[in-house]
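Structure file target.cif (mmCIF, C-alpha atoms and all ligand atoms) is printed below.
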data_coords
#
loop_
_atom_site.label_atom_id
_atom_site.label_comp_id
_atom_site.auth_asym_id
_atom_site.auth_seq_id
_atom_site.Cartn_x
_atom_site.Cartn_y
_atom_site.Cartn_z
CA MET A 369 201.91 123.55 126.98
CA LEU A 370 203.92 121.74 124.34
CA GLY A 371 203.65 117.99 124.03
CA GLN A 372 206.49 115.88 125.31
CA SER A 373 207.44 114.68 121.83
CA ILE A 374 207.64 118.24 120.48
CA GLU A 375 210.00 119.08 123.33
CA ASP A 376 212.06 115.96 122.58
CA TYR A 377 212.43 116.98 118.93
CA LEU A 378 213.41 120.55 119.75
CA GLY A 379 215.92 119.31 122.34
CA ALA A 380 217.37 116.82 119.85
CA ILE A 381 217.83 119.47 117.15
CA PHE A 382 219.49 121.76 119.69
CA ARG A 383 221.88 119.02 120.85
CA LEU A 384 222.76 117.76 117.39
CA ARG A 385 223.43 121.23 116.09
CA GLU A 386 225.61 122.15 119.04
CA GLY A 387 228.46 124.49 118.23
CA LYS A 388 227.45 125.14 114.64
CA SER A 389 224.65 126.88 112.82
CA ALA A 390 224.16 124.43 109.93
CA PRO A 391 220.82 122.67 109.39
CA VAL A 392 220.44 119.30 111.12
CA PRO A 393 219.80 116.51 108.58
CA LEU A 394 216.63 114.49 109.17
CA SER A 395 218.74 111.32 109.03
CA SER A 396 220.68 112.49 112.13
CA LEU A 397 217.41 113.20 113.94
CA SER A 398 216.12 109.78 112.98
CA GLU A 399 219.29 108.13 114.29
CA HIS A 400 219.36 110.19 117.50
CA LEU A 401 215.71 109.72 118.41
CA GLY A 402 215.37 106.20 117.05
CA PHE A 403 212.27 106.98 114.94
CA SER A 404 211.64 106.11 111.31
CA ALA A 405 212.28 108.60 108.52
CA VAL A 406 208.53 108.77 107.92
CA SER A 407 207.64 109.78 111.47
CA ILE A 408 210.52 112.27 111.56
CA HIS A 409 209.22 113.84 108.38
CA GLU A 410 205.69 114.09 109.75
CA MET A 411 206.87 115.68 112.97
CA VAL A 412 209.08 118.17 111.16
CA GLN A 413 206.04 119.28 109.14
CA LYS A 414 204.09 119.71 112.35
CA LEU A 415 206.91 121.75 113.90
CA GLU A 416 207.12 123.86 110.79
CA GLY A 417 203.36 124.47 110.97
CA GLN A 418 203.89 125.79 114.49
CA GLN A 419 206.76 127.97 113.28
CA LEU A 420 209.28 126.26 115.54
CA VAL A 421 211.59 125.08 112.75
CA ASN A 422 212.46 125.88 109.16
CA TYR A 423 212.87 122.85 106.95
CA GLN A 424 215.06 122.98 103.87
CA ARG A 425 214.66 120.03 101.55
CA TYR A 426 217.80 117.82 101.32
CA ARG A 427 219.56 119.95 103.96
CA GLY A 428 217.61 119.61 107.17
CA VAL A 429 215.97 121.64 109.91
CA MET A 430 216.94 124.78 111.74
CA LEU A 431 215.23 126.18 114.81
CA THR A 432 213.32 129.45 114.48
CA ALA A 433 213.84 132.05 117.21
CA GLU A 434 210.83 130.66 119.09
CA GLY A 435 212.02 127.06 118.53
CA GLU A 436 215.44 128.03 119.85
CA ARG A 437 213.93 129.58 122.97
CA LEU A 438 211.88 126.48 123.74
CA ALA A 439 214.76 124.11 122.94
CA GLN A 440 217.09 125.98 125.27
CA ALA A 441 214.49 125.80 128.02
CA VAL A 442 214.05 122.04 127.70
CA VAL A 443 217.79 121.34 127.54
CA ARG A 444 218.28 123.61 130.55
CA ARG A 445 215.65 121.69 132.52
CA HIS A 446 217.19 118.36 131.50
CA ARG A 447 220.71 119.31 132.56
CA ILE A 448 219.65 120.92 135.84
CA TRP A 449 217.66 117.83 136.78
CA GLU A 450 220.71 115.71 135.96
CA ARG A 451 222.80 117.82 138.32
CA PHE A 452 220.21 117.55 141.06
CA LEU A 453 219.99 113.77 140.67
CA THR A 454 223.76 113.25 140.81
CA ASP A 455 224.76 115.98 143.27
CA MET A 456 221.92 115.86 145.77
CA LEU A 457 220.41 112.40 145.37
CA ASP A 458 223.60 110.46 144.53
CA PHE A 459 222.27 108.81 141.40
CA PRO A 460 225.00 107.45 139.09
CA TRP A 461 225.64 109.74 136.12
CA ASP A 462 224.42 107.24 133.56
CA GLU A 463 221.06 106.79 135.30
CA ALA A 464 220.61 110.51 135.87
CA HIS A 465 220.28 111.08 132.15
CA ILE A 466 217.42 108.59 131.80
CA LEU A 467 215.54 109.96 134.81
CA ALA A 468 216.00 113.53 133.61
CA GLU A 469 214.41 112.60 130.29
CA ARG A 470 211.16 112.24 132.20
CA LEU A 471 211.53 115.03 134.72
CA GLU A 472 212.42 117.62 132.09
CA HIS A 473 208.87 117.51 130.77
CA ALA A 474 207.12 117.42 134.11
CA ALA A 475 208.66 120.34 135.99
CA PRO A 476 207.52 123.93 135.41
CA GLN A 477 210.20 126.53 134.67
CA GLU A 478 209.82 128.06 138.13
CA VAL A 479 210.78 124.74 139.77
CA THR A 480 213.82 124.38 137.52
CA ASP A 481 215.00 127.90 138.26
CA ARG A 482 214.71 127.38 142.02
CA LEU A 483 216.51 124.07 141.69
CA ALA A 484 219.30 125.79 139.74
CA ALA A 485 219.63 128.40 142.49
CA LEU A 486 219.73 125.66 145.14
CA LEU A 487 222.56 123.97 143.21
CA GLY A 488 224.50 127.24 142.94
CA ASN A 489 223.59 127.85 139.27
CA PRO A 490 225.80 125.16 137.76
CA GLU A 491 227.19 125.79 134.28
CA GLU A 492 227.47 122.16 133.16
CA CYS A 493 225.55 118.92 133.46
CA PRO A 494 227.34 115.89 134.98
CA HIS A 495 228.37 114.87 131.45
CA GLY A 496 229.95 118.24 130.71
CA GLY A 497 227.08 119.63 128.63
CA PRO A 498 226.74 123.42 128.98
CA ILE A 499 223.54 124.44 130.76
CA PRO A 500 221.74 127.19 128.83
CA PRO A 501 222.10 130.18 128.93
CA GLN A 502 225.76 129.05 128.92
CA PRO A 503 226.93 129.21 125.30
CA ASN A 504 226.26 126.10 123.32
CA THR A 505 229.76 125.36 122.11
CA GLN A 506 231.82 122.22 121.83
CA ARG A 507 235.00 122.10 123.87
CA GLY A 508 237.76 119.54 123.95
CA GLN A 509 239.04 117.06 121.40
CA LEU A 510 237.43 113.82 120.40
CA LEU A 511 239.23 110.81 121.89
CA SER A 512 239.15 108.87 118.64
CA GLN A 513 241.13 111.64 116.94
CA LEU A 514 243.97 111.93 119.46
CA PRO A 515 247.39 110.40 118.73
CA PRO A 516 248.80 107.53 120.80
CA GLY A 517 250.70 108.89 123.80
CA ALA A 518 248.33 111.81 124.37
CA ILE A 519 246.98 112.21 127.89
CA GLY A 520 243.80 114.06 128.73
CA SER A 521 240.78 114.27 130.99
CA VAL A 522 237.22 113.55 129.93
CA ILE A 523 235.41 116.88 129.98
CA ARG A 524 232.39 115.91 127.97
CA ILE A 525 230.36 112.89 126.93
CA ARG A 526 228.45 113.63 123.77
CA PRO A 527 226.08 112.47 122.46
CA GLU A 528 224.37 111.41 125.67
CA LEU A 529 222.65 108.23 124.63
CA PRO A 530 221.53 105.94 127.48
CA GLU A 531 223.12 102.72 126.13
CA LEU A 532 226.45 104.43 125.52
CA LEU A 533 226.46 106.06 128.97
CA GLN A 534 225.75 102.70 130.58
CA GLU A 535 228.54 100.99 128.61
CA LEU A 536 231.03 103.68 129.61
CA HIS A 537 229.95 103.42 133.23
CA ALA A 538 230.37 99.65 133.13
CA LEU A 539 233.90 100.06 131.73
CA GLY A 540 234.73 102.45 134.57
CA ILE A 541 235.10 105.51 132.36
CA ALA A 542 233.50 108.54 133.97
CA PRO A 543 233.51 112.29 133.41
CA HIS A 544 236.86 113.75 134.64
CA ALA A 545 238.67 110.41 134.22
CA GLN A 546 242.25 110.84 133.08
CA LEU A 547 243.11 108.68 130.10
CA ARG A 548 246.23 107.97 128.11
CA ILE A 549 245.82 106.92 124.50
CA VAL A 550 247.65 103.64 123.89
CA ALA A 551 246.54 102.78 120.37
CA GLN A 552 244.12 104.02 117.72
CA MET A 553 242.56 101.52 115.34
CA PRO A 554 239.62 101.91 112.97
CA GLN A 555 237.38 99.70 115.11
CA GLU A 556 238.60 100.66 118.55
CA THR A 557 240.73 102.90 120.72
CA VAL A 558 242.83 101.46 123.51
CA VAL A 559 243.30 103.72 126.53
CA GLN A 560 244.98 103.39 129.87
CA ARG A 561 243.27 104.59 133.04
CA ASP A 562 245.29 104.28 136.23
CA ARG A 563 247.19 101.10 135.38
CA GLN A 564 244.38 99.41 133.57
CA GLU A 565 244.04 99.12 129.79
CA ILE A 566 240.55 99.55 128.42
CA ARG A 567 239.47 98.78 124.86
CA LEU A 568 236.82 101.19 123.62
CA PRO A 569 234.82 100.30 120.50
CA ALA A 570 234.60 103.16 117.98
CA ALA A 571 231.02 103.96 119.05
CA LEU A 572 232.23 104.73 122.58
CA ALA A 573 235.51 106.40 121.60
CA GLY A 574 233.41 108.74 119.45
CA THR A 575 231.52 110.09 122.48
CA LEU A 576 234.44 111.10 124.70
CA TRP A 577 235.78 114.65 124.50
CA LEU A 578 239.04 115.33 126.28
CA ARG A 579 241.01 118.30 127.48
CA VAL A 580 244.51 117.30 126.47
CA ASP A 581 247.20 117.67 129.14
CA VAL A 582 250.22 116.42 127.22
ZN ZN B 1 223.97 115.49 130.81
#
Represent the structure of the file as structure tokens.
Amino acid sequence: MLGQSIEDYLGAIFRLREGKSAPVPLSSLSEHLGFSAVSIHEMVQKLEGQQLVNYQRYRGVMLTAEGERLAQAVVRRHRIWERFLTDMLDFPWDEAHILAERLEHAAPQEVTDRLAALLGNPEECPHGGPIPPQPNTQRGQLLSQLPPGAIGSVIRIRPELPELLQELHALGIAPHAQLRIVAQMPQETVVQRDRQEIRLPAALAGTLWLRVDV
């Protein structure tokens, strides 16, 4: 059994690297996990000792084949639990992420696989994240990079950080929402949903990935 924190690190590297094969800088890991550079460095050495990652000085970490296998398994468990929580237990999508953070470490693989079968083997989590073994690629265009006038639907929220999910939920912006871009400014993006205008600070606009309709 791996410790919970090892699983969290592997899952974070997998998520941050998504769609590309470049090393993940330790500064991104530190930002994503909210740990100091020193503890990140210590953990990376530990993971390297267990042959789960390769660390290249000044560049970052990459998963080894074994690290990749374990990371995929933990991300799969996380996203299947999220689906179960939203689809079967009616938890809001922002809370599901936080609950799944705990369940992903507790449930054996067998339980996750049966749960997946019960749910009809979903391909995406409620936030649009592909469930391994679905390919780990980024789809859609980032909201903050779309021109005013563009209309699209939210197909992905990434990164999934609890505070950001809660803020989006509070603003009434959910996965599948259709948005029209009203204005792009360095500090914020203004969108229209139904007839309502919503101002999204850059931190939130940078998490929404849209499939553009027009
Ligand atoms: Zn998710």
message: How would you report the residues lying within 7 Å of ligand ZN 1 (chain B), as a list in words, if you count all atoms listed in the file?
response: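 With all atoms listed in the file and a cut-off of 7 Å, ligand ZN 1 (chain B) is contacted by Arg447, Glu450, His465, Cys493, Pro494, His495, Gly496, Gly497 and Glu528 of chain A.
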statement: Counting only C-alpha atoms, closest pick from A:Gln424, A:Thr557, A:Thr432, A:Ser396 relative to Pro527 of chain A is A:Ser396
List every residue of segment 454-554 of chain A that has an atom at most 6 Å from any atom of segment 565-578 of chain A, giving for each one its closest atom pair and the distance in Å to one decimal, counting only C-alpha atoms, sorted by chain and then by ascending residue number, as JSON lines.
{"residue": "A:Gly508", "atom": "CA", "partner": "A:Leu578", "partner_atom": "CA", "distance": 5.0}
{"residue": "A:Gln509", "atom": "CA", "partner": "A:Trp577", "partner_atom": "CA", "distance": 5.1}
{"residue": "A:Leu510", "atom": "CA", "partner": "A:Trp577", "partner_atom": "CA", "distance": 4.5}
{"residue": "A:Leu511", "atom": "CA", "partner": "A:Leu576", "partner_atom": "CA", "distance": 5.6}
{"residue": "A:Ser512", "atom": "CA", "partner": "A:Ala573", "partner_atom": "CA", "distance": 5.3}
{"residue": "A:Gly520", "atom": "CA", "partner": "A:Leu578", "partner_atom": "CA", "distance": 5.5}
{"residue": "A:Ser521", "atom": "CA", "partner": "A:Leu578", "partner_atom": "CA", "distance": 5.1}
{"residue": "A:Val522", "atom": "CA", "partner": "A:Leu578", "partner_atom": "CA", "distance": 4.5}
{"residue": "A:Ile523", "atom": "CA", "partner": "A:Leu578", "partner_atom": "CA", "distance": 5.4}
{"residue": "A:Arg524", "atom": "CA", "partner": "A:Trp577", "partner_atom": "CA", "distance": 5.0}
{"residue": "A:Ile525", "atom": "CA", "partner": "A:Leu576", "partner_atom": "CA", "distance": 5.0}
{"residue": "A:Arg526", "atom": "CA", "partner": "A:Thr575", "partner_atom": "CA", "distance": 4.9}
{"residue": "A:Pro527", "atom": "CA", "partner": "A:Thr575", "partner_atom": "CA", "distance": 5.9}
message: Would you pick out the contacts of Pro503 of chain A at 12 Å or less, using all atoms listed in the file, so that residues sharing its chain but fewer than 4 positions from it are not included, and give the list as a PyMOL selection string?
response: chain A and resi 382+386-388+440+444+491-492+497-499+507
field: Between atom CA of Ser389 of chain A and atom CA of Ala405 of chain A, distance in Å (one decimal)
entry: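 Interatomic distance, atom CA of Ser389 of chain A to atom CA of Ala405 of chain A: 22.5 Å.
Proximity ranking of A:Leu431, A:Leu384, A:Leu378, A:Ala551 relative to Gln506 of chain A places A:Leu384 first, based on only C-alpha atoms.
With only C-alpha atoms as the atoms that count, the residue of A:Val580, A:Leu415, A:Ala518, A:Ala485 with the shortest distance to Gly371 of chain A is A:Leu415.
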- request: Would you mind reading off the distance between atom CA of Ile408 of chain A and atom CA of Leu394 of chain A, one decimal, in Å?
  value: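 Computing the Euclidean distance for atom CA of Ile408 of chain A and atom CA of Leu394 of chain A yields 6.9 Å.
Counting from atom CA of Pro530 of chain A, the distance to atom CA of Ile466 of chain A is 6.5 Å.
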- prompt: A:Asp462, A:Glu434, A:Glu399, A:Glu531: which is nearest Glu416 of chain A, counting all atoms listed in the file?
  reply: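 Among A:Asp462, A:Glu434, A:Glu399, A:Glu531, it is A:Glu434 that comes nearest to Glu416 of chain A.
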task: In the coordinates of the file, take the point (220.4, 133.2, 125.8) and a cut-off of 10 Å; then, counting all atoms listed in the file, name each qualifying protein, DNA or RNA residue as a VMD selection string.
output: chain A and resid 436 to 437 440 to 441 500 to 504
- prompt: Got a sec to check which residues sit within 12 Å of (218.0, 117.3, 137.1), counting all atoms listed in the file, and write them as a ChimeraX atom specification?
  reply: /A:442-459,461,463-475,479-484,486-487,490,492-494,499
- prompt: Which residues, written as a list in words, have at least one atom at most 9 Å from Arg548 of chain A, with all atoms listed in the file counted and residues fewer than 6 positions away on the same chain left out?
  reply: Pro516, Gly517, Ala518, Ile519, Gly520, Ser521, Val558, Val559, Gln560, Arg561 and Asp562 of chain A
For Glu410 of chain A, work out the shell of residues within 12 Å, counting only C-alpha atoms and skipping chain neighbours fewer than 6 positions away, then give it as a CSV table (one decimal) with C-alpha atoms, in the frame of the given file.
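The resulting file, out-v6.csv, is shown below:
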chain,number,residue,atom,x,y,z
A,374,ILE,CA,207.6,118.2,120.5
A,377,TYR,CA,212.4,117.0,118.9
A,394,LEU,CA,216.6,114.5,109.2
A,398,SER,CA,216.1,109.8,113.0
A,403,PHE,CA,212.3,107.0,114.9
A,404,SER,CA,211.6,106.1,111.3
A,416,GLU,CA,207.1,123.9,110.8
A,417,GLY,CA,203.4,124.5,111.0
A,423,TYR,CA,212.9,122.8,107.0
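Among the candidates A:Pro460, A:Ala439, A:Ser373, A:Glu556, the one nearest to Leu533 of chain A when counting all atoms listed in the file is A:Pro460.
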Using the atoms already present, construct N, CA and C atoms for segment 515-540 of chain A and hand them back as a PDB file, in the coordinates of the input.
ATOM      1  N   PRO A 515     246.305 111.332 119.047  1.00  0.00           N
ATOM      2  CA  PRO A 515     247.390 110.400 118.730  1.00  0.00           C
ATOM      3  C   PRO A 515     247.771 109.543 119.928  1.00  0.00           C
ATOM      4  N   PRO A 516     248.305 108.345 119.693  1.00  0.00           N
ATOM      5  CA  PRO A 516     248.800 107.530 120.800  1.00  0.00           C
ATOM      6  C   PRO A 516     249.830 108.324 121.614  1.00  0.00           C
ATOM      7  N   GLY A 517     249.787 108.153 122.927  1.00  0.00           N
ATOM      8  CA  GLY A 517     250.700 108.890 123.800  1.00  0.00           C
ATOM      9  C   GLY A 517     250.047 110.099 124.436  1.00  0.00           C
ATOM     10  N   ALA A 518     249.001 110.630 123.804  1.00  0.00           N
ATOM     11  CA  ALA A 518     248.330 111.810 124.370  1.00  0.00           C
ATOM     12  C   ALA A 518     247.646 111.447 125.679  1.00  0.00           C
ATOM     13  N   ILE A 519     247.648 112.409 126.606  1.00  0.00           N
ATOM     14  CA  ILE A 519     246.980 112.210 127.890  1.00  0.00           C
ATOM     15  C   ILE A 519     245.978 113.345 128.074  1.00  0.00           C
ATOM     16  N   GLY A 520     244.790 113.005 128.528  1.00  0.00           N
ATOM     17  CA  GLY A 520     243.800 114.060 128.730  1.00  0.00           C
ATOM     18  C   GLY A 520     242.720 113.617 129.690  1.00  0.00           C
ATOM     19  N   SER A 521     241.882 114.580 130.094  1.00  0.00           N
ATOM     20  CA  SER A 521     240.780 114.270 130.990  1.00  0.00           C
ATOM     21  C   SER A 521     239.467 114.411 130.234  1.00  0.00           C
ATOM     22  N   VAL A 522     238.541 113.516 130.567  1.00  0.00           N
ATOM     23  CA  VAL A 522     237.220 113.550 129.930  1.00  0.00           C
ATOM     24  C   VAL A 522     236.470 114.778 130.437  1.00  0.00           C
ATOM     25  N   ILE A 523     236.174 115.707 129.536  1.00  0.00           N
ATOM     26  CA  ILE A 523     235.410 116.880 129.980  1.00  0.00           C
ATOM     27  C   ILE A 523     233.993 116.867 129.434  1.00  0.00           C
ATOM     28  N   ARG A 524     233.709 115.913 128.552  1.00  0.00           N
ATOM     29  CA  ARG A 524     232.390 115.910 127.970  1.00  0.00           C
ATOM     30  C   ARG A 524     232.078 114.543 127.413  1.00  0.00           C
ATOM     31  N   ILE A 525     230.839 114.089 127.612  1.00  0.00           N
ATOM     32  CA  ILE A 525     230.360 112.890 126.930  1.00  0.00           C
ATOM     33  C   ILE A 525     229.241 113.347 126.009  1.00  0.00           C
ATOM     34  N   ARG A 526     229.425 113.140 124.728  1.00  0.00           N
ATOM     35  CA  ARG A 526     228.450 113.630 123.770  1.00  0.00           C
ATOM     36  C   ARG A 526     228.533 112.786 122.523  1.00  0.00           C
ATOM     37  N   PRO A 527     227.430 112.283 121.981  1.00  0.00           N
ATOM     38  CA  PRO A 527     226.080 112.470 122.460  1.00  0.00           C
ATOM     39  C   PRO A 527     225.790 111.662 123.724  1.00  0.00           C
ATOM     40  N   GLU A 528     224.789 112.125 124.470  1.00  0.00           N
ATOM     41  CA  GLU A 528     224.370 111.410 125.670  1.00  0.00           C
ATOM     42  C   GLU A 528     223.259 110.449 125.281  1.00  0.00           C
ATOM     43  N   LEU A 529     223.647 109.247 124.949  1.00  0.00           N
ATOM     44  CA  LEU A 529     222.650 108.230 124.630  1.00  0.00           C
ATOM     45  C   LEU A 529     222.717 107.188 125.733  1.00  0.00           C
ATOM     46  N   PRO A 530     221.551 106.792 126.284  1.00  0.00           N
ATOM     47  CA  PRO A 530     221.530 105.940 127.480  1.00  0.00           C
ATOM     48  C   PRO A 530     222.405 104.704 127.372  1.00  0.00           C
ATOM     49  N   GLU A 531     222.349 103.977 126.225  1.00  0.00           N
ATOM     50  CA  GLU A 531     223.120 102.720 126.130  1.00  0.00           C
ATOM     51  C   GLU A 531     224.620 103.031 126.213  1.00  0.00           C
ATOM     52  N   LEU A 532     225.034 104.102 125.540  1.00  0.00           N
ATOM     53  CA  LEU A 532     226.450 104.430 125.520  1.00  0.00           C
ATOM     54  C   LEU A 532     226.920 104.859 126.912  1.00  0.00           C
ATOM     55  N   LEU A 533     226.096 105.639 127.612  1.00  0.00           N
ATOM     56  CA  LEU A 533     226.460 106.060 128.970  1.00  0.00           C
ATOM     57  C   LEU A 533     226.611 104.846 129.869  1.00  0.00           C
ATOM     58  N   GLN A 534     225.691 103.899 129.726  1.00  0.00           N
ATOM     59  CA  GLN A 534     225.750 102.700 130.580  1.00  0.00           C
ATOM     60  C   GLN A 534     226.999 101.875 130.272  1.00  0.00           C
ATOM     61  N   GLU A 535     227.342 101.753 128.974  1.00  0.00           N
ATOM     62  CA  GLU A 535     228.540 100.990 128.610  1.00  0.00           C
ATOM     63  C   GLU A 535     229.804 101.640 129.161  1.00  0.00           C
ATOM     64  N   LEU A 536     229.862 102.975 129.080  1.00  0.00           N
ATOM     65  CA  LEU A 536     231.030 103.680 129.610  1.00  0.00           C
ATOM     66  C   LEU A 536     231.132 103.483 131.113  1.00  0.00           C
ATOM     67  N   HIS A 537     229.993 103.596 131.783  1.00  0.00           N
ATOM     68  CA  HIS A 537     229.950 103.420 133.230  1.00  0.00           C
ATOM     69  C   HIS A 537     230.436 102.029 133.603  1.00  0.00           C
ATOM     70  N   ALA A 538     229.983 101.029 132.849  1.00  0.00           N
ATOM     71  CA  ALA A 538     230.370  99.650 133.130  1.00  0.00           C
ATOM     72  C   ALA A 538     231.882  99.449 132.926  1.00  0.00           C
ATOM     73  N   LEU A 539     232.458 100.180 131.980  1.00  0.00           N
ATOM     74  CA  LEU A 539     233.900 100.060 131.730  1.00  0.00           C
ATOM     75  C   LEU A 539     234.720 100.888 132.723  1.00  0.00           C
ATOM     76  N   GLY A 540     234.032 101.644 133.567  1.00  0.00           N
ATOM     77  CA  GLY A 540     234.730 102.450 134.570  1.00  0.00           C
ATOM     78  C   GLY A 540     235.254 103.760 134.022  1.00  0.00           C
TER      79      GLY A 540
END
